[in-house]
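Student: This is final_28.txt (compact mmCIF, C-alpha atoms and all ligand atoms).
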# COMPACT_ATOMS: atom_id res chain seq x y z
CA MET S 1 139.35 44.97 104.58
CA LYS S 2 136.05 45.57 106.26
CA PHE S 3 132.92 47.25 105.15
CA LEU S 4 130.72 49.05 107.57
CA ASP S 5 127.74 51.06 106.59
CA GLU S 6 126.45 52.74 109.72
CA CYS S 7 128.18 54.09 112.77
CA LYS S 8 127.89 56.54 115.60
CA ILE S 9 130.65 58.97 116.53
CA TYR S 10 131.25 61.74 119.00
CA VAL S 11 132.60 65.10 117.88
CA ARG S 12 133.66 68.10 119.88
CA SER S 13 134.98 71.34 118.52
CA GLY S 14 137.77 73.13 120.35
CA ASP S 15 137.14 75.58 123.15
CA GLY S 16 138.28 79.12 122.59
CA GLY S 17 141.50 80.11 124.37
CA SER S 18 141.26 82.39 127.41
CA GLY S 19 141.87 86.08 127.23
CA CYS S 20 144.95 87.23 129.08
CA VAL S 21 145.40 89.64 131.98
CA SER S 22 148.69 91.37 131.56
CA PHE S 23 150.23 94.83 132.00
CA ARG S 24 152.87 96.50 130.05
CA ARG S 25 156.20 96.28 131.84
CA GLU S 26 159.01 98.25 130.48
CA LYS S 27 161.95 99.96 131.92
CA TYR S 28 161.15 103.53 132.93
CA ILE S 29 157.40 102.98 132.39
CA PRO S 30 156.25 102.01 135.87
CA LEU S 31 152.53 101.80 135.31
CA GLY S 32 152.07 100.40 131.84
CA GLY S 33 148.49 99.88 130.75
CA PRO S 34 146.75 96.54 130.14
CA ASP S 35 148.14 94.60 127.22
CA GLY S 36 146.55 91.15 127.60
CA GLY S 37 145.65 89.69 124.19
CA ASP S 38 142.58 87.67 123.22
CA GLY S 39 142.37 83.91 123.21
CA GLY S 40 142.54 82.09 119.87
CA ARG S 41 139.57 80.38 118.27
CA GLY S 42 138.98 76.68 118.91
CA GLY S 43 139.14 74.34 115.94
CA ASP S 44 136.01 73.42 113.97
CA VAL S 45 135.10 69.82 113.26
CA ILE S 46 134.60 69.52 109.53
CA PHE S 47 133.55 66.61 107.33
CA GLU S 48 135.04 66.31 103.89
CA ALA S 49 133.72 63.98 101.17
CA ASP S 50 136.49 61.86 99.74
CA ALA S 51 135.92 59.97 96.51
CA HIS S 52 138.66 57.49 97.35
CA LEU S 53 136.98 56.18 100.44
CA ASN S 54 134.20 53.67 100.27
CA THR S 55 133.63 52.41 103.76
CA LEU S 56 132.95 53.83 107.19
CA ILE S 57 135.24 51.24 108.70
CA ASP S 58 137.75 53.69 110.07
CA PHE S 59 135.08 54.99 112.39
CA ARG S 60 135.06 51.64 114.06
CA TYR S 61 138.52 52.26 115.42
CA THR S 62 138.12 55.92 116.21
CA GLN S 63 134.80 57.13 117.49
CA HIS S 64 135.81 60.28 119.33
CA PHE S 65 136.96 63.33 117.46
CA ARG S 66 138.06 66.42 119.31
CA ALA S 67 139.37 69.54 117.67
CA LYS S 68 142.06 71.41 119.57
CA ARG S 69 141.55 74.31 121.93
CA GLY S 70 142.57 77.80 120.88
CA GLY S 71 145.75 79.17 122.44
CA ASN S 72 145.47 81.57 125.37
CA GLY S 73 146.01 85.22 124.81
CA MET S 74 149.38 86.61 125.90
CA GLY S 75 150.94 89.81 127.09
CA LYS S 76 152.09 92.50 124.69
CA GLN S 77 148.68 92.30 123.01
CA ARG S 78 149.43 88.98 121.46
CA THR S 79 146.37 86.96 120.41
CA GLY S 80 146.42 83.25 121.14
CA ARG S 81 146.90 80.87 118.26
CA SER S 82 143.72 79.72 116.49
CA ALA S 83 143.53 75.95 116.62
CA ASP S 84 143.62 73.95 113.40
CA ASP S 85 140.29 72.61 112.22
CA LEU S 86 139.79 68.89 112.52
CA ILE S 87 138.98 67.44 109.13
CA ILE S 88 137.19 64.09 109.09
CA ARG S 89 137.15 62.36 105.75
CA ALA S 90 134.14 60.28 104.80
CA PRO S 91 133.09 58.54 101.60
CA VAL S 92 130.96 60.29 99.02
CA GLY S 93 127.42 59.12 99.72
CA THR S 94 127.68 59.47 103.49
CA ILE S 95 124.69 60.93 105.24
CA ILE S 96 125.41 62.66 108.54
CA ARG S 97 122.69 62.93 111.14
CA ASP S 98 122.48 64.47 114.56
CA ASP S 99 121.99 61.39 116.70
CA ALA S 100 119.83 63.26 119.20
CA ASP S 101 116.96 64.09 116.87
CA GLY S 102 117.85 62.30 113.64
CA GLU S 103 118.06 65.56 111.71
CA ILE S 104 120.16 65.30 108.57
CA LEU S 105 123.08 67.70 108.85
CA ALA S 106 124.67 66.78 105.55
CA ASP S 107 124.47 64.45 102.60
CA LEU S 108 127.94 64.34 101.12
CA THR S 109 127.44 64.04 97.40
CA GLU S 110 130.37 65.86 95.80
CA PRO S 111 134.02 64.94 96.29
CA GLY S 112 135.74 67.65 98.24
CA GLU S 113 132.48 68.95 99.69
CA ARG S 114 132.94 70.21 103.24
CA ILE S 115 130.53 70.73 106.07
CA VAL S 116 131.19 72.12 109.50
CA VAL S 117 129.41 69.95 112.06
CA ALA S 118 130.73 71.66 115.20
CA ARG S 119 132.03 75.20 115.35
CA GLY S 120 135.05 76.02 117.47
CA GLY S 121 134.50 78.38 120.41
CA GLN S 122 135.50 82.02 120.13
CA GLY S 123 138.55 83.08 122.09
CA GLY S 124 137.97 85.13 125.25
CA ARG S 125 138.85 88.82 125.34
CA GLY S 126 142.04 89.93 127.01
CA ASN S 127 142.13 92.70 129.61
CA LEU S 128 143.08 95.15 126.92
CA HIS S 129 139.38 95.34 126.10
CA PHE S 130 138.30 96.16 129.61
CA LYS S 131 140.18 99.38 130.07
CA THR S 132 137.86 102.29 130.81
CA SER S 133 138.32 105.86 131.92
CA THR S 134 137.71 104.81 135.51
CA ASN S 135 139.51 101.51 135.45
CA ARG S 136 142.87 101.86 133.85
CA ALA S 137 144.21 98.63 135.22
CA PRO S 138 141.47 96.04 134.62
CA ARG S 139 142.12 92.62 136.05
CA ARG S 140 139.36 91.10 134.03
CA SER S 141 139.49 88.89 130.95
CA ASP S 142 137.02 86.46 129.40
CA PRO S 143 137.45 82.72 129.27
CA GLY S 144 137.08 81.31 125.79
CA ARG S 145 133.68 80.07 124.65
CA GLU S 146 133.20 76.35 124.91
CA GLY S 147 133.22 74.23 121.80
CA GLU S 148 130.16 72.28 120.70
CA GLU S 149 129.75 68.59 121.28
CA LEU S 150 127.38 66.16 119.69
CA TRP S 151 126.91 62.58 118.67
CA LEU S 152 126.53 61.94 114.99
CA ARG S 153 125.16 59.00 113.13
CA LEU S 154 126.82 58.30 109.81
CA GLU S 155 125.16 56.26 107.19
CA LEU S 156 126.60 55.13 103.90
CA LYS S 157 124.31 53.89 101.24
CA LEU S 158 125.97 51.59 98.80
CA LEU S 159 126.15 53.08 95.40
CA ALA S 160 125.12 50.36 93.03
CA ASP S 161 123.66 50.86 89.57
CA VAL S 162 121.66 47.67 89.46
CA GLY S 163 119.85 46.21 92.45
CA LEU S 164 118.95 42.53 92.44
CA VAL S 165 115.70 41.74 94.18
CA GLY S 166 113.72 38.57 94.57
CA MET S 167 112.63 35.89 96.97
CA PRO S 168 115.17 33.80 98.82
CA ASN S 169 116.71 31.06 96.71
CA ALA S 170 115.82 32.78 93.43
CA GLY S 171 119.44 32.54 92.30
CA LYS S 172 120.52 36.15 92.90
CA SER S 173 123.91 35.36 94.37
CA THR S 174 124.57 32.76 91.69
CA LEU S 175 123.80 35.36 89.04
CA ILE S 176 126.12 38.00 90.47
CA SER S 177 128.86 35.39 90.72
CA LYS S 178 128.43 34.65 87.01
CA LEU S 179 128.32 38.26 85.88
CA SER S 180 131.10 39.65 88.09
CA ALA S 181 134.11 38.66 90.14
CA ALA S 182 132.00 38.63 93.31
CA ARG S 183 132.03 35.28 95.09
CA PRO S 184 129.14 35.30 97.53
CA LYS S 185 127.96 32.26 99.39
CA ILE S 186 125.50 30.21 97.38
CA ALA S 187 123.41 27.39 98.79
CA ASP S 188 120.29 25.45 98.17
CA TYR S 189 118.30 26.95 101.00
CA PRO S 190 116.63 30.30 101.57
CA PHE S 191 118.33 33.21 103.35
CA THR S 192 121.82 32.19 102.37
CA THR S 193 122.75 35.79 101.80
CA THR S 194 122.65 37.82 104.99
CA THR S 195 124.68 40.85 103.94
CA PRO S 196 124.79 42.63 100.57
CA ASN S 197 127.33 41.70 97.93
CA LEU S 198 128.60 44.03 95.29
CA GLY S 199 130.14 43.13 91.99
CA VAL S 200 131.42 45.04 89.01
CA VAL S 201 129.84 43.77 85.83
CA ARG S 202 131.85 44.49 82.74
CA ALA S 203 129.68 44.82 79.65
CA ASP S 204 132.44 45.74 77.24
CA ILE S 205 135.82 47.43 77.38
CA ASP S 206 134.66 50.82 78.51
CA ARG S 207 131.31 50.02 80.01
CA SER S 208 130.76 48.58 83.42
CA PHE S 209 128.30 48.91 86.21
CA VAL S 210 127.95 47.87 89.81
CA MET S 211 125.41 45.29 90.82
CA ALA S 212 124.17 44.72 94.36
CA ASP S 213 122.86 41.39 95.56
CA VAL S 214 120.83 41.89 98.71
CA PRO S 215 119.30 39.25 100.98
CA GLY S 216 116.10 37.69 99.69
CA LEU S 217 112.79 39.42 100.33
CA ILE S 218 109.68 37.80 101.72
CA GLU S 219 106.08 38.79 102.20
CA GLY S 220 105.94 41.48 104.85
CA ALA S 221 109.46 42.74 104.03
CA GLY S 222 108.09 46.23 103.46
CA ASP S 223 106.91 46.21 107.07
CA GLY S 224 110.15 44.78 108.38
CA ALA S 225 109.73 41.00 108.07
CA GLY S 226 112.85 38.98 107.32
CA LEU S 227 116.24 40.44 106.72
CA GLY S 228 115.81 41.98 103.32
CA HIS S 229 114.17 45.26 104.34
CA ARG S 230 117.26 46.25 106.26
CA PHE S 231 119.08 46.33 103.01
CA LEU S 232 116.48 47.85 100.76
CA LYS S 233 117.94 51.26 101.47
CA HIS S 234 121.04 50.13 99.63
CA ILE S 235 119.15 49.81 96.40
CA GLU S 236 117.19 53.02 96.73
CA ARG S 237 119.73 54.85 94.62
CA CYS S 238 120.11 52.22 91.92
CA ALA S 239 119.36 53.08 88.33
CA VAL S 240 117.60 49.82 87.58
CA LEU S 241 116.17 46.94 89.57
CA LEU S 242 116.52 43.41 88.30
CA HIS S 243 113.79 41.26 89.73
CA LEU S 244 114.59 37.57 89.71
CA VAL S 245 111.88 34.93 89.87
CA GLU S 246 112.86 31.30 89.99
CA ILE S 247 111.12 28.96 87.56
CA ASP S 248 112.15 25.40 88.16
CA GLY S 249 109.06 23.68 86.93
CA LEU S 250 105.40 24.24 86.25
CA GLU S 251 104.10 22.58 89.39
CA ASP S 252 103.71 23.62 92.96
CA PHE S 253 104.02 27.36 92.83
CA ASP S 254 102.79 30.39 91.06
CA PRO S 255 105.71 32.50 89.78
CA VAL S 256 103.48 35.44 88.84
CA ALA S 257 102.17 35.62 92.40
CA ARG S 258 105.76 35.52 93.68
CA TYR S 259 106.61 38.42 91.47
CA GLN S 260 103.57 40.39 92.58
CA THR S 261 104.23 39.70 96.26
CA ILE S 262 107.72 41.14 96.09
CA GLU S 263 106.62 44.09 93.98
CA ALA S 264 103.94 44.89 96.56
CA GLU S 265 106.56 44.82 99.31
CA LEU S 266 108.82 47.19 97.37
CA THR S 267 105.92 49.60 96.92
CA LYS S 268 105.14 49.41 100.61
CA TYR S 269 108.76 50.05 101.53
CA ALA S 270 109.25 53.07 99.30
CA PRO S 271 107.38 54.49 96.34
CA THR S 272 110.76 55.41 94.83
CA LEU S 273 111.56 51.72 94.56
CA ALA S 274 108.23 50.94 93.00
CA SER S 275 108.68 53.51 90.27
CA LYS S 276 112.25 52.53 89.42
CA PRO S 277 112.86 51.03 85.99
CA ARG S 278 113.07 47.30 86.27
CA LEU S 279 113.73 44.16 84.31
CA LEU S 280 112.30 40.78 85.12
CA ALA S 281 114.45 37.69 84.77
CA LEU S 282 113.02 34.21 85.09
CA SER S 283 115.90 32.19 86.49
CA LYS S 284 116.91 28.51 86.46
CA ILE S 285 115.26 27.92 83.12
CA ASP S 286 117.63 25.00 82.56
CA LEU S 287 115.24 23.16 84.86
CA LEU S 288 112.24 23.97 82.70
CA GLU S 289 111.19 21.77 79.81
CA PRO S 290 111.76 23.76 76.58
CA GLU S 291 108.12 23.44 75.59
CA ASP S 292 107.01 24.94 78.92
CA ARG S 293 108.79 28.24 78.37
CA GLU S 294 106.00 29.76 76.32
CA VAL S 295 103.49 28.59 78.91
CA VAL S 296 105.27 30.49 81.68
CA LEU S 297 105.79 33.58 79.56
CA GLY S 298 102.09 33.46 78.72
CA TRP S 299 101.18 33.51 82.43
CA PHE S 300 103.20 36.65 82.97
CA ARG S 301 101.90 38.38 79.85
CA ASP S 302 98.28 37.56 80.59
CA ARG S 303 98.28 38.49 84.24
CA LEU S 304 100.55 41.50 84.25
CA GLY S 305 99.42 42.99 80.96
CA ASP S 306 100.84 46.48 80.57
CA ASP S 307 102.63 46.21 83.90
CA LEU S 308 104.93 43.52 82.54
CA PRO S 309 108.52 44.80 82.48
CA PRO S 310 110.98 43.58 79.85
CA ILE S 311 111.29 39.89 80.57
CA PHE S 312 114.34 37.61 80.21
CA LEU S 313 114.83 33.90 80.48
CA ILE S 314 118.14 33.06 82.08
CA SER S 315 120.14 30.21 83.51
CA SER S 316 123.22 30.86 85.57
CA THR S 317 124.08 27.18 85.25
CA SER S 318 124.11 26.96 81.46
CA GLY S 319 124.82 30.65 80.88
CA GLU S 320 121.80 30.99 78.63
CA GLY S 321 120.44 34.51 78.32
CA LEU S 322 123.19 36.07 80.43
CA ASP S 323 124.94 38.04 77.67
CA HIS S 324 121.71 39.58 76.50
CA LEU S 325 120.75 40.47 80.07
CA ARG S 326 124.15 41.97 80.79
CA MET S 327 124.06 44.17 77.68
CA THR S 328 120.52 45.32 78.35
CA LEU S 329 121.41 46.24 81.92
CA ALA S 330 124.45 48.18 80.71
CA GLU S 331 122.28 50.10 78.25
CA ARG S 332 119.71 50.90 80.89
CA VAL S 333 122.33 52.12 83.31
CA GLU S 334 123.94 54.24 80.64
CA ALA S 335 120.61 55.72 79.56
CA TRP S 336 119.84 56.53 83.17
CA ARG S 337 123.20 58.21 83.69
CA ASN S 338 122.69 60.27 80.54
CA ALA S 339 119.17 61.23 81.53
CA MET S 340 120.47 62.39 84.88
CA GLY S 341 122.92 64.66 83.08
CA GLU S 342 124.56 67.13 85.37
CA SER S 343 122.00 66.87 88.10
CA ALA S 344 123.00 66.44 91.68
CA HIS S 345 121.89 62.86 91.62
CA ASP S 346 124.23 62.20 88.75
CA ALA S 347 127.05 63.71 90.70
CA LEU S 348 126.33 61.28 93.45
CA MET S 349 125.86 58.21 91.36
CA ASP S 350 128.29 58.64 88.56
CA ALA S 351 131.45 60.63 88.19
CA PRO S 352 132.67 61.14 91.72
CA THR S 353 132.09 57.65 92.88
CA LYS S 354 133.55 55.71 90.00
CA ALA S 355 136.82 55.11 91.75
CA GLY S 356 135.21 54.44 95.08
CA ARG S 357 132.55 52.15 93.84
CA GLY S 358 134.96 50.17 91.74
CA ALA S 359 137.21 49.74 94.69
CA VAL S 360 134.43 48.57 96.97
CA ALA S 361 133.12 46.19 94.45
CA GLU S 362 136.48 44.68 93.68
CA ALA S 363 137.21 44.35 97.33
CA VAL S 364 133.88 42.71 97.93
CA ALA S 365 134.61 40.38 95.11
CA GLU S 366 137.88 39.32 96.62
CA ASP S 367 136.96 38.82 100.20
CA ALA S 368 134.43 36.83 102.08
CA TRP S 369 131.84 38.47 104.23
CA ASP S 370 131.98 38.13 107.93
CA ASP S 371 128.50 37.79 109.28
CA ASP S 372 129.45 37.56 112.90
CA GLU S 373 129.86 41.18 113.79
CA ASP S 374 126.30 42.12 113.18
CA ASP S 375 125.29 44.04 116.23
CA ALA S 376 126.26 46.85 118.51
CA ASP S 377 129.77 47.00 119.81
CA GLU S 378 130.48 47.49 123.47
CA ASP S 379 131.77 50.93 122.75
CA GLY S 380 128.60 52.22 121.26
CA VAL S 381 129.35 51.79 117.58
CA GLU S 382 126.55 50.07 115.89
CA CYS S 383 127.47 48.01 112.90
CA ILE S 384 124.66 46.97 110.71
CA TRP S 385 127.00 44.84 108.75
CA VAL S 386 130.68 44.38 108.60
CA ARG S 387 132.87 42.70 106.12
CA GLU S 388 136.25 41.35 107.11
N1 LIG L 1 119.68 24.64 88.06
C1 LIG L 1 119.97 25.85 88.43
N2 LIG L 1 120.19 26.13 89.74
C2 LIG L 1 120.49 27.38 90.09
C3 LIG L 1 120.58 28.43 89.14
N3 LIG L 1 120.88 29.58 89.79
C4 LIG L 1 120.99 29.26 91.10
N4 LIG L 1 120.74 27.94 91.29
C5 LIG L 1 120.73 27.23 92.57
O1 LIG L 1 119.73 27.76 93.40
C6 LIG L 1 120.12 27.76 94.76
C7 LIG L 1 119.99 29.12 95.37
O2 LIG L 1 120.87 30.00 94.72
P1 LIG L 1 121.38 31.36 95.41
O3 LIG L 1 122.14 32.07 94.36
O4 LIG L 1 122.04 31.09 96.69
O5 LIG L 1 119.98 32.08 95.66
P2 LIG L 1 119.72 33.51 96.31
O6 LIG L 1 118.64 34.16 95.54
O7 LIG L 1 120.98 34.25 96.41
O8 LIG L 1 119.16 33.09 97.72
P3 LIG L 1 119.20 33.92 99.11
O9 LIG L 1 120.58 34.39 99.31
O10 LIG L 1 118.77 32.93 100.11
O11 LIG L 1 118.21 35.02 98.94
C8 LIG L 1 121.56 27.23 94.77
O12 LIG L 1 121.52 25.86 95.09
C9 LIG L 1 122.02 27.43 93.34
O13 LIG L 1 122.99 26.49 92.96
C10 LIG L 1 120.35 28.10 87.75
O14 LIG L 1 120.40 28.94 86.85
N5 LIG L 1 120.05 26.82 87.48
MG MG L 2 121.95 34.91 98.00
Would you mind giving the structure from this file in structure tokens?
Ligand SMILES: Nc1nc2c(ncn2[C@@H]2O[C@H](COP(=O)(O)OP(=O)(O)OP(=O)(O)O)[C@@H](O)[C@H]2O)c(=O)[nH]1
Ligand SMILES: [Mg+2]
Tutor:
Amino acid sequence: MKFLDECKIYVRSGDGGSGCVSFRREKYIPLGGPDGGDGGRGGDVIFEADAHLNTLIDFRYTQHFRAKRGGNGMGKQRTGRSADDLIIRAPVGTIIRDDADGEILADLTEPGERIVVARGGQGGRGNLHFKTSTNRAPRRSDPGREGEELWLRLELKLLADVGLVGMPNAGKSTLISKLSAARPKIADYPFTTTTPNLGVVRADIDRSFVMADVPGLIEGAGDGAGLGHRFLKHIERCAVLLHLVEIDGLEDFDPVARYQTIEAELTKYAPTLASKPRLLALSKIDLLEPEDREVVLGWFRDRLGDDLPPIFLISSTSGEGLDHLRMTLAERVEAWRNAMGESAHDALMDAPTKAGRGAVAEAVAEDAWDDDEDDADEDGVECIWVRE
């Protein structure tokens, strides 16, 4: 299975069928009047949000969508057949833009929601309509109207509840591998993760949430430096951010400054990210001398003051602090879902996508990412990232 989150497709609605030129021909009626029927309507191109889909991968194989042409009008005043509409199914959460000017045509948030992106052409009029008092045998009919054609850009934002942010090597991928079935690549060097990973974290029997591990952020990420900014959009819709700062000793670096650097980048990228609820986890504390813990916590308390989010000490190696963190995250996600109530955002994030998100996350957990297919295809489909 592959996962693709951005693609470009061509759509064309059907042309209207032509009107017909025809005259009534019956025995003993030598000069029957015009009886050419109208052409049928061309098919619309319609998008439908489907809660069971969670990737745009199908658009990689099919990029051209053409609705059928309406049938031509016929004699005996018969109207041509209207063409069937072409329904394109896309995952809930897909944003559809006109590629020409970037205008958003639709943001599919509700399962079953439909939007017409290209209207089918009207059928042409048959010669029946052109009969006048002076012209009783019109040889004129209209051709059908042409359908509309346009290129669309589809974008799917991952629907995760918790977004993991932090500098490269902070231990984000290790954490998601401990809390969920996701098995991302983990290594002792920065920028190991190049594409997002999703995992379902089960807090208890009936409570779970989706966590997204995105590539590490660096200074300048908000302006486009590094890889991470490309994926920040995936965490824009998260309920909670979990900011991970690695603490593997008291020497050599300033963890508070690391935290502040990344926070500043998030603010620069989008104010919505800056104002999102967040938790701070100090990772790799197995490497810290027990007596140094209070020292580090003191640095954060003193320098961040009221801006200090709830802080956790965790170790993915020893498992310390993970249960508490997992339960707190579950509570935060639940509180956020409740606060959202019946709002449109809730519809997007919660009910309709449960099946879809679970499926993506499980699939992500099972398969490895393929980093190779990162760029534009020959045939014009741009893949920001693809999972095999
Ligand atoms: N001792 C110790 N090492 C850890 C812990 N968590 C992660 N590591 C190690 O830290 C290194 C980086 O871990 P990753 O999970 O790949 O870090 P990341 O934040 O995903 O890094 P990028 O993908 O580059 O952004 C790996 O060598 C891990 O084994 C921990 O709790 N304790
Ligand atoms: Mg990683």
Student: Might you pull out every residue within 6 Å of Leu175 (chain S), with all atoms listed in the file counted and same-chain residues fewer than 3 positions away left off, and present them as a ChimeraX atom specification?
Tutor: /S:172,178,316
Student: Given the choices S:Pro310, S:Gly321, S:Pro290, S:Gly171, which gets closest to ligand LIG 1 (chain L) if the distance is worked out from only C-alpha atoms and all ligand atoms?
Tutor: S:Gly171
Student: I'd like to know which of S:Ala212, S:Leu308, S:Val256, S:Val295 is closest to ligand MG 2 (chain L), using only C-alpha atoms and all ligand atoms.
Tutor: S:Ala212
Student: At a cut-off of 6 Å and counting all atoms listed in the file, what residues surround ligand MG 2 (chain L)? Please answer as an MDAnalysis selection string.
Tutor: chainID S and resid 172:173 186 192:193 215
Student: List as a tab-separated table (two decimals) with C-alpha atoms, in the frame of the given file the protein and nucleic acid residues lying within 7 Å of ligand LIG 1 (chain L), with all atoms listed in the file counted.
Tutor:
chain	number	residue	atom	x	y	z
S	166	GLY	CA	113.72	38.57	94.57
S	167	MET	CA	112.63	35.89	96.97
S	168	PRO	CA	115.17	33.80	98.82
S	169	ASN	CA	116.71	31.06	96.71
S	170	ALA	CA	115.82	32.78	93.43
S	171	GLY	CA	119.44	32.54	92.30
S	172	LYS	CA	120.52	36.15	92.90
S	173	SER	CA	123.91	35.36	94.37
S	174	THR	CA	124.57	32.76	91.69
S	175	LEU	CA	123.80	35.36	89.04
S	185	LYS	CA	127.96	32.26	99.39
S	186	ILE	CA	125.50	30.21	97.38
S	187	ALA	CA	123.41	27.39	98.79
S	188	ASP	CA	120.29	25.45	98.17
S	189	TYR	CA	118.30	26.95	101.00
S	190	PRO	CA	116.63	30.30	101.57
S	191	PHE	CA	118.33	33.21	103.35
S	192	THR	CA	121.82	32.19	102.37
S	193	THR	CA	122.75	35.79	101.80
S	194	THR	CA	122.65	37.82	104.99
S	215	PRO	CA	119.30	39.25	100.98
S	216	GLY	CA	116.10	37.69	99.69
S	283	SER	CA	115.90	32.19	86.49
S	284	LYS	CA	116.91	28.51	86.46
S	285	ILE	CA	115.26	27.92	83.12
S	286	ASP	CA	117.63	25.00	82.56
S	287	LEU	CA	115.24	23.16	84.86
S	314	ILE	CA	118.14	33.06	82.08
S	315	SER	CA	120.14	30.21	83.51
S	316	SER	CA	123.22	30.86	85.57
S	317	THR	CA	124.08	27.18	85.25
S	318	SER	CA	124.11	26.96	81.46
Student: From the set S:Ala181, S:Asp35, S:Gly93, S:Lys68, which residue has the shortest atom-to-atom contact distance to Ser141 (chain S), counting all atoms listed in the file?
Tutor: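 Smallest distance to Ser141 (chain S) is found for S:Asp35.
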Student: Wanna dump the region 6-40 of chain S-region 146-152 of chain S contacts at 10 Å for me, each residue with its shortest atom pair and the distance in Å to one decimal, counting all atoms listed in the file, ordered by chain and number, as JSON lines?
Tutor:
{"residue": "S:Cys7", "atom": "CA", "partner": "S:Leu152", "partner_atom": "CA", "distance": 8.3}
{"residue": "S:Lys8", "atom": "CA", "partner": "S:Leu152", "partner_atom": "CA", "distance": 5.6}
{"residue": "S:Ile9", "atom": "CA", "partner": "S:Leu152", "partner_atom": "CA", "distance": 5.3}
{"residue": "S:Tyr10", "atom": "CA", "partner": "S:Trp151", "partner_atom": "CA", "distance": 4.4}
{"residue": "S:Val11", "atom": "CA", "partner": "S:Leu150", "partner_atom": "CA", "distance": 5.6}
{"residue": "S:Arg12", "atom": "CA", "partner": "S:Glu149", "partner_atom": "CA", "distance": 4.2}
{"residue": "S:Ser13", "atom": "CA", "partner": "S:Gly147", "partner_atom": "CA", "distance": 4.7}
{"residue": "S:Gly14", "atom": "CA", "partner": "S:Gly147", "partner_atom": "CA", "distance": 4.9}
{"residue": "S:Asp15", "atom": "CA", "partner": "S:Gly147", "partner_atom": "CA", "distance": 4.4}
{"residue": "S:Gly16", "atom": "CA", "partner": "S:Glu146", "partner_atom": "CA", "distance": 6.2}
{"residue": "S:Gly17", "atom": "CA", "partner": "S:Glu146", "partner_atom": "CA", "distance": 9.1}
Student: What are the centre and edge lengths in Å, to one decimal, of the axis-aligned box around all listed atoms of region 308-327 of chain S with 3 Å added on each side, as lines of an AutoDock Vina configuration file?
Tutor:
center_x = 114.9
center_y = 35.9
center_z = 81.0
size_x = 26.0
size_y = 23.8
size_z = 15.1
Student: Rounded to one decimal place, report the CA of Leu304 (chain S)-CA of Met211 (chain S) distance in Å.
Tutor: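 Atom-to-atom, CA of Leu304 (chain S) to CA of Met211 (chain S), that is 26.0 Å.
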